[in-house]
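Asks: File name structure-v8.cif; file contents mmCIF, C-alpha atoms; full text below.
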```cif
data_work
loop_
_atom_site.label_atom_id
_atom_site.label_comp_id
_atom_site.auth_asym_id
_atom_site.auth_seq_id
_atom_site.Cartn_x
_atom_site.Cartn_y
_atom_site.Cartn_z
CA MET A 1 8.31 16.58 -39.27
CA SER A 2 11.52 15.62 -37.53
CA LEU A 3 14.66 15.33 -39.57
CA LEU A 4 14.75 11.57 -39.05
CA ALA A 5 11.39 9.97 -39.84
CA LYS A 6 10.77 6.85 -37.80
CA ARG A 7 6.96 6.54 -37.88
CA ILE A 8 5.63 5.67 -41.31
CA GLY A 9 2.05 5.82 -42.52
CA LEU A 10 0.93 3.98 -45.64
CA ILE A 11 -1.91 4.60 -48.04
CA GLY A 12 -2.86 1.24 -49.51
CA HIS A 13 -2.10 -2.34 -48.60
CA GLY A 14 -2.02 -3.91 -52.04
CA ALA A 15 0.97 -5.52 -53.70
CA ILE A 16 3.34 -2.57 -53.25
CA GLY A 17 2.18 -1.45 -49.80
CA LYS A 18 2.18 -4.97 -48.41
CA ALA A 19 5.64 -5.75 -49.80
CA LEU A 20 7.05 -2.49 -48.42
CA ALA A 21 5.51 -3.01 -44.98
CA THR A 22 6.78 -6.60 -44.84
CA ARG A 23 10.32 -5.61 -45.77
CA LEU A 24 10.41 -2.83 -43.16
CA ALA A 25 8.93 -5.05 -40.45
CA ALA A 26 11.69 -7.61 -41.05
CA ASP A 27 14.32 -5.09 -39.90
CA PRO A 28 13.80 -3.70 -36.39
CA ASP A 29 16.29 -0.93 -37.12
CA ALA A 30 14.24 0.36 -40.06
CA PRO A 31 11.44 2.94 -39.73
CA GLN A 32 8.24 1.09 -38.88
CA VAL A 33 4.75 1.37 -40.30
CA ILE A 34 2.37 2.57 -37.58
CA ALA A 35 -0.89 2.91 -39.57
CA ILE A 36 -2.23 1.90 -42.99
CA LEU A 37 -5.11 3.70 -44.70
CA VAL A 38 -7.35 1.22 -46.56
CA ARG A 39 -10.87 1.16 -47.96
CA PRO A 40 -13.66 0.91 -45.36
CA GLY A 41 -14.46 -2.68 -44.50
CA ARG A 42 -11.12 -4.09 -45.52
CA SER A 43 -9.49 -6.19 -42.81
CA ASP A 44 -6.80 -8.27 -44.45
CA GLY A 45 -3.87 -9.31 -42.31
CA ALA A 46 -1.39 -6.51 -41.74
CA ASP A 47 1.41 -5.97 -39.27
CA ALA A 48 0.21 -2.42 -38.53
CA PRO A 49 -3.20 -1.02 -37.52
CA LEU A 50 -5.61 -0.40 -40.39
CA VAL A 51 -7.61 2.83 -40.58
CA ASP A 52 -10.34 3.76 -43.05
CA ASN A 53 -10.14 7.56 -43.14
CA VAL A 54 -7.41 10.13 -43.51
CA ALA A 55 -8.20 11.77 -40.16
CA ALA A 56 -7.40 8.53 -38.35
CA LEU A 57 -4.17 8.22 -40.31
CA LEU A 58 -3.15 11.72 -39.25
CA ASN A 59 -4.13 10.98 -35.63
CA ALA A 60 -1.53 8.18 -35.64
CA ARG A 61 1.06 10.98 -36.01
CA PRO A 62 3.27 9.58 -38.77
CA ASP A 63 6.47 11.42 -39.64
CA LEU A 64 6.15 10.39 -43.29
CA VAL A 65 3.29 8.95 -45.36
CA VAL A 66 3.90 6.73 -48.38
CA GLU A 67 1.13 6.51 -50.97
CA CYS A 68 0.96 3.17 -52.80
CA ALA A 69 -2.72 2.89 -53.66
CA GLY A 70 -3.01 4.47 -57.11
CA GLN A 71 -3.38 7.89 -58.71
CA GLN A 72 -6.88 8.49 -57.37
CA ALA A 73 -5.69 7.91 -53.79
CA ALA A 74 -2.80 10.34 -54.26
CA ALA A 75 -5.21 13.03 -55.49
CA GLN A 76 -7.84 12.31 -52.85
CA PHE A 77 -5.76 12.00 -49.69
CA GLY A 78 -2.53 13.78 -50.56
CA PRO A 79 -3.66 17.39 -49.96
CA ALA A 80 -4.86 16.73 -46.38
CA ILE A 81 -1.61 14.99 -45.46
CA LEU A 82 0.59 17.69 -46.94
CA ALA A 83 -1.50 20.49 -45.44
CA ALA A 84 -1.00 18.86 -42.03
CA GLY A 85 2.75 19.38 -42.42
CA ILE A 86 3.59 15.74 -43.18
CA ASP A 87 5.80 14.81 -46.12
CA LEU A 88 4.16 12.56 -48.71
CA ALA A 89 6.03 10.05 -50.88
CA VAL A 90 3.97 9.46 -54.03
CA ALA A 91 4.46 6.04 -55.60
CA SER A 92 1.67 6.73 -58.11
CA VAL A 93 3.57 9.72 -59.45
CA GLY A 94 1.57 9.54 -62.68
CA ALA A 95 -1.09 11.47 -60.76
CA LEU A 96 1.12 14.54 -61.19
CA ALA A 97 0.64 14.37 -64.95
CA ASP A 98 -2.81 15.85 -64.29
CA PRO A 99 -2.31 19.61 -63.92
CA ALA A 100 -5.16 20.02 -61.41
CA THR A 101 -3.79 17.27 -59.16
CA GLU A 102 -0.26 18.64 -59.34
CA ARG A 103 -1.53 22.13 -58.47
CA SER A 104 -3.61 20.84 -55.54
CA LEU A 105 -0.72 18.88 -54.06
CA ARG A 106 1.77 21.73 -54.53
CA GLN A 107 -0.55 24.24 -52.88
CA ALA A 108 -1.16 21.92 -49.93
CA ALA A 109 2.57 21.34 -49.51
CA GLU A 110 3.27 25.08 -49.55
CA ALA A 111 0.51 25.69 -47.01
CA GLY A 112 1.72 22.94 -44.68
CA GLY A 113 5.44 23.48 -45.10
CA SER A 114 5.80 19.88 -46.26
CA ARG A 115 7.23 18.13 -49.30
CA ILE A 116 6.01 15.90 -52.12
CA LEU A 117 8.66 13.19 -52.46
CA VAL A 118 8.98 11.46 -55.83
CA PRO A 119 10.82 8.11 -55.72
CA ALA A 120 12.73 6.87 -58.75
CA GLY A 121 10.38 3.89 -58.83
CA ALA A 122 10.88 1.45 -61.70
CA VAL A 123 13.52 3.57 -63.45
CA ALA A 124 17.11 4.58 -62.68
CA ALA A 125 19.47 7.52 -63.33
CA ILE A 126 16.87 10.02 -62.10
CA ASP A 127 19.43 11.66 -59.79
CA GLY A 128 21.76 12.24 -62.73
CA LEU A 129 19.00 13.56 -64.96
CA ALA A 130 17.79 15.98 -62.29
CA ALA A 131 21.34 17.19 -61.69
CA ALA A 132 21.94 17.64 -65.43
CA ARG A 133 18.82 19.82 -65.66
CA LEU A 134 20.54 22.46 -63.52
CA ALA A 135 23.01 23.22 -66.30
CA GLY A 136 20.45 22.89 -69.08
CA LEU A 137 19.06 19.94 -71.03
CA ASP A 138 18.65 19.98 -74.80
CA SER A 139 16.59 16.82 -75.14
CA VAL A 140 15.11 13.94 -73.14
CA THR A 141 13.45 10.88 -74.65
CA TYR A 142 11.77 8.13 -72.67
CA THR A 143 10.90 4.80 -74.31
CA SER A 144 8.74 2.13 -72.73
CA ARG A 145 9.34 -1.20 -74.44
CA LYS A 146 7.26 -4.21 -73.38
CA PRO A 147 6.12 -7.54 -74.86
CA PRO A 148 2.76 -7.37 -76.66
CA LEU A 149 0.91 -9.22 -73.90
CA ALA A 150 1.92 -6.51 -71.43
CA TRP A 151 -0.17 -4.02 -73.43
CA ARG A 152 -3.44 -5.90 -73.09
CA ASP A 153 -6.34 -3.88 -71.67
CA THR A 154 -4.75 -0.63 -72.85
CA ALA A 155 -5.22 1.71 -75.81
CA ALA A 156 -2.75 -0.48 -77.72
CA GLU A 157 -5.50 -2.98 -78.48
CA SER A 158 -7.24 -0.44 -80.71
CA LEU A 159 -4.02 0.38 -82.54
CA VAL A 160 -2.46 -2.98 -83.48
CA ASP A 161 -3.20 -6.69 -83.37
CA LEU A 162 -1.06 -7.56 -80.38
CA ASP A 163 -1.31 -11.31 -81.07
CA ALA A 164 -0.03 -10.96 -84.63
CA LEU A 165 3.04 -8.77 -84.07
CA THR A 166 6.29 -10.17 -85.46
CA GLU A 167 8.25 -6.91 -85.29
CA GLU A 168 8.18 -4.02 -82.86
CA ALA A 169 5.34 -1.54 -83.23
CA VAL A 170 5.46 2.05 -82.01
CA LEU A 171 2.12 2.57 -80.29
CA TYR A 172 2.65 6.23 -79.52
CA GLU A 173 5.27 8.91 -80.04
CA GLY A 174 4.80 12.39 -78.64
CA THR A 175 4.89 14.27 -75.37
CA ALA A 176 5.17 12.67 -71.94
CA ARG A 177 1.91 14.29 -70.86
CA GLU A 178 -0.07 12.83 -73.77
CA ALA A 179 1.57 9.44 -73.24
CA SER A 180 0.57 9.54 -69.57
CA GLN A 181 -3.03 10.26 -70.52
CA MET A 182 -3.15 7.64 -73.27
CA PHE A 183 -1.40 4.91 -71.28
CA PRO A 184 -2.09 5.68 -67.59
CA LYS A 185 -0.65 2.33 -66.49
CA ASN A 186 2.68 3.51 -67.91
CA ALA A 187 2.33 7.04 -66.55
CA ASN A 188 4.50 6.68 -63.45
CA VAL A 189 7.89 6.37 -65.17
CA ALA A 190 7.02 8.86 -67.91
CA THR A 191 5.99 11.37 -65.24
CA THR A 192 9.11 10.79 -63.15
CA VAL A 193 11.36 11.36 -66.16
CA ALA A 194 9.44 14.49 -67.14
CA LEU A 195 9.59 15.96 -63.63
CA ALA A 196 13.30 15.22 -63.27
CA GLY A 197 14.19 16.57 -66.69
CA ILE A 198 12.63 19.16 -68.99
CA GLY A 199 8.93 18.84 -68.24
CA PHE A 200 5.89 17.09 -69.68
CA GLU A 201 5.65 18.95 -72.97
CA ALA A 202 9.36 18.89 -73.91
CA THR A 203 9.99 15.27 -72.92
CA ARG A 204 9.55 12.97 -75.90
CA CYS A 205 7.93 9.64 -75.14
CA ARG A 206 7.82 6.44 -77.22
CA ILE A 207 5.53 3.53 -76.34
CA VAL A 208 6.62 0.29 -78.02
CA ALA A 209 5.17 -3.21 -78.21
CA ASP A 210 8.07 -5.54 -79.01
CA PRO A 211 7.53 -9.28 -79.53
CA HIS A 212 11.27 -9.83 -79.00
CA ALA A 213 11.31 -8.12 -75.59
CA THR A 214 11.90 -10.49 -72.70
CA GLY A 215 10.66 -8.09 -70.03
CA ASN A 216 9.55 -4.53 -69.32
CA ARG A 217 12.32 -2.22 -70.48
CA HIS A 218 12.75 1.47 -69.70
CA GLU A 219 15.04 3.55 -71.90
CA VAL A 220 16.08 7.13 -71.19
CA ASP A 221 18.23 9.19 -73.55
CA ALA A 222 19.25 12.73 -72.67
CA ALA A 223 21.68 15.38 -73.88
CA GLY A 224 22.69 18.76 -72.55
CA ALA A 225 25.49 20.86 -71.11
CA PHE A 226 26.52 17.91 -68.92
CA GLY A 227 27.09 15.55 -71.86
CA THR A 228 24.87 12.59 -72.83
CA LEU A 229 23.02 9.90 -70.93
CA ALA A 230 21.76 6.55 -72.22
CA LEU A 231 19.92 4.20 -69.86
CA ARG A 232 18.59 0.72 -70.65
CA LEU A 233 16.92 -0.95 -67.69
CA GLU A 234 14.97 -4.23 -67.79
CA ASN A 235 13.07 -4.90 -64.61
CA LEU A 236 12.27 -8.20 -62.97
CA PRO A 237 8.80 -8.51 -61.41
CA SER A 238 8.20 -8.33 -57.68
CA PRO A 239 8.18 -11.81 -56.09
CA ASP A 240 4.73 -10.99 -54.66
CA ASN A 241 3.11 -9.54 -57.78
CA PRO A 242 4.25 -10.09 -61.39
CA LYS A 243 2.56 -6.82 -62.47
CA THR A 244 4.83 -4.75 -60.22
CA SER A 245 8.55 -4.22 -60.79
CA PHE A 246 10.62 -5.32 -57.81
CA LEU A 247 12.64 -2.12 -58.18
CA THR A 248 9.51 -0.07 -57.45
CA VAL A 249 9.22 -1.59 -53.98
CA LEU A 250 12.95 -1.30 -53.36
CA SER A 251 12.93 2.35 -54.42
CA LEU A 252 10.24 3.15 -51.85
CA GLU A 253 12.14 1.23 -49.19
CA ARG A 254 15.26 3.24 -49.96
CA LEU A 255 13.30 6.50 -49.66
CA VAL A 256 11.86 5.44 -46.27
CA ARG A 257 15.25 4.30 -44.97
CA ASN A 258 16.87 7.54 -46.12
CA SER A 259 14.24 9.49 -44.17
CA ALA A 260 15.70 8.03 -40.97
CA ALA A 261 19.37 7.90 -41.95
CA ALA A 262 22.20 10.15 -40.80
CA LEU A 263 24.09 9.38 -44.05
CA VAL A 264 21.99 9.59 -47.18
CA ILE A 265 23.06 8.36 -50.63
#
```
Using structure tokens, write down the structure that the file contains.

Replies:
Amino acid sequence: MSLLAKRIGLIGHGAIGKALATRLAADPDAPQVIAILVRPGRSDGADAPLVDNVAALLNARPDLVVECAGQQAAAQFGPAILAAGIDLAVASVGALADPATERSLRQAAEAGGSRILVPAGAVAAIDGLAAARLAGLDSVTYTSRKPPLAWRDTAAESLVDLDALTEEAVLYEGTAREASQMFPKNANVATTVALAGIGFEATRCRIVADPHATGNRHEVDAAGAFGTLALRLENLPSPDNPKTSFLTVLSLERLVRNSAAALVI
């Protein structure tokens, strides 16, 4: 891969992939999407050619591939891309909470001389947390706080009556790895915090249903040799999909733009 990536491949053309591709296409100076890997038979309108197998994606010769199709796609297609020497940005970073998937991707990256790139996604302060780890972290706690309705179709429904909550209810408190397995839809941020900080087992994770919450809130508290960190971030939804945080799309766009920038922040 060249130092400055200008040809971008995508895996997935759902809410995140489509929004990212649209934003990049609107700026001719930005890296452009040259191929999008989708399920066979899918032919929805896209600004870039659609392909239905990973070999065709690799034949398009992207400098960087961005996965935005879910954890299964990251596990299925990621190794071939990394083994081919192409860096892979993983939006569905929760896939790395599975030890076998993490091992497979790491081995492929080592074999191909490529990198697994983890965007900050829907959370912030990841650069500071990762820097603080270098001097030693004593504790990291991640709290996901959402309105009760946001926890529908999850394990929360077997724990509390979401419709009857009048006060916040802690749905889970334990390790980031267990939280990722119990609430896979919340796994991305928990995984990112764990990877940036002190790992899956040492990172404490709290999952909260809060009837007073006005949006999806991420809270990170950390302490160590650097001092202390306290983050409270409430995300607005993407204009194209209320289930996706707008910051998730913007974080991927920043990663792509940085791959082609002479000055990186």

Asks: Please check which residues have atoms at most 10 Å from (4.4, -6.5, -83.5) in the file's coordinates, counting all atoms listed in the file, and write them as a ChimeraX atom specification.

Replies: /A:147-148,160-171,208-212

Asks: Quick one: which residues end up in the PyMOL selection byres ((chain A and resi 34-42) around 6) for this structure, as a VMD selection string?

Replies: chain A and resid 8 to 12 33 43 48 to 52

Asks: Apply the PyMOL selection byres ((chain A and resi 176-179) around 12) to the displayed file and report the matching residues as a short mmCIF file (atom, residue, chain, number, x, y, z; two decimals) with C-alpha atoms, in the coordinates of the input.

Replies:
```
data_model
loop_
_atom_site.label_atom_id
_atom_site.label_comp_id
_atom_site.auth_asym_id
_atom_site.auth_seq_id
_atom_site.Cartn_x
_atom_site.Cartn_y
_atom_site.Cartn_z
CA GLY A 94 1.57 9.54 -62.68
CA ALA A 95 -1.09 11.47 -60.76
CA LEU A 96 1.12 14.54 -61.19
CA ALA A 97 0.64 14.37 -64.95
CA ASP A 98 -2.81 15.85 -64.29
CA PRO A 99 -2.31 19.61 -63.92
CA VAL A 140 15.11 13.94 -73.14
CA THR A 141 13.45 10.88 -74.65
CA TYR A 142 11.77 8.13 -72.67
CA THR A 143 10.90 4.80 -74.31
CA SER A 144 8.74 2.13 -72.73
CA THR A 154 -4.75 -0.63 -72.85
CA ALA A 155 -5.22 1.71 -75.81
CA ALA A 156 -2.75 -0.48 -77.72
CA LEU A 171 2.12 2.57 -80.29
CA TYR A 172 2.65 6.23 -79.52
CA GLU A 173 5.27 8.91 -80.04
CA GLY A 174 4.80 12.39 -78.64
CA THR A 175 4.89 14.27 -75.37
CA SER A 180 0.57 9.54 -69.57
CA GLN A 181 -3.03 10.26 -70.52
CA MET A 182 -3.15 7.64 -73.27
CA PHE A 183 -1.40 4.91 -71.28
CA PRO A 184 -2.09 5.68 -67.59
CA LYS A 185 -0.65 2.33 -66.49
CA ASN A 186 2.68 3.51 -67.91
CA ALA A 187 2.33 7.04 -66.55
CA ASN A 188 4.50 6.68 -63.45
CA VAL A 189 7.89 6.37 -65.17
CA ALA A 190 7.02 8.86 -67.91
CA THR A 191 5.99 11.37 -65.24
CA THR A 192 9.11 10.79 -63.15
CA VAL A 193 11.36 11.36 -66.16
CA ALA A 194 9.44 14.49 -67.14
CA LEU A 195 9.59 15.96 -63.63
CA GLY A 197 14.19 16.57 -66.69
CA ILE A 198 12.63 19.16 -68.99
CA GLY A 199 8.93 18.84 -68.24
CA PHE A 200 5.89 17.09 -69.68
CA GLU A 201 5.65 18.95 -72.97
CA ALA A 202 9.36 18.89 -73.91
CA THR A 203 9.99 15.27 -72.92
CA ARG A 204 9.55 12.97 -75.90
CA CYS A 205 7.93 9.64 -75.14
CA ARG A 206 7.82 6.44 -77.22
CA ILE A 207 5.53 3.53 -76.34
CA VAL A 208 6.62 0.29 -78.02
#
```

Asks: Separation of CA of Gln107 (chain A) and CA of Arg61 (chain A), in Å?

Replies: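 These two atoms are separated by 21.5 Å.
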
Asks: Using Å and a single decimal, report how far CA of Cys68 (chain A) sits from CA of Gly17 (chain A).

Replies: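 CA of Cys68 (chain A) lies 5.6 Å from CA of Gly17 (chain A).
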
Asks: Starting from the shown file, work through the PyMOL selection byres ((chain A and resi 138) around 7) and note down what comes out as a PDB file with C-alpha atoms, in the frame of the given file.

Replies:
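So the final result, stored in out.pdb, reads:
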```
ATOM      1  CA  GLY A 136      20.450  22.890 -69.080  1.00  0.00           C
ATOM      2  CA  LEU A 137      19.060  19.940 -71.030  1.00  0.00           C
ATOM      3  CA  SER A 139      16.590  16.820 -75.140  1.00  0.00           C
ATOM      4  CA  ALA A 223      21.680  15.380 -73.880  1.00  0.00           C
ATOM      5  CA  GLY A 224      22.690  18.760 -72.550  1.00  0.00           C
TER       6      GLY A 224
END
```

Asks: Mind pulling up the distance from CA of Val90 (chain A) to CA of Val66 (chain A)?

Replies: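 Interatomic distance, CA of Val66 (chain A) to CA of Val90 (chain A): 6.3 Å.
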
Asks: Find the residue from A:Arg217, A:Arg106, A:Arg7, A:Arg23 that sits nearest to Ala150 (chain A); use all atoms listed in the file when measuring.

Replies: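 For Ala150 (chain A), the nearest of the candidates is A:Arg217.
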
Asks: Hey, which of A:Gly14, A:Thr214, A:Gln32, A:Ala19 ends up closest to Ser238 (chain A)? Count all atoms listed in the file.

Replies: A:Ala19

Asks: Which residue gives the smallest distance to Gly85 (chain A) among A:Ala56, A:Arg115, A:Ser104, A:Asp29, with all atoms listed in the file counted?

Replies: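 Looking only at the distances to Gly85 (chain A), the closest residue turns out to be A:Arg115.
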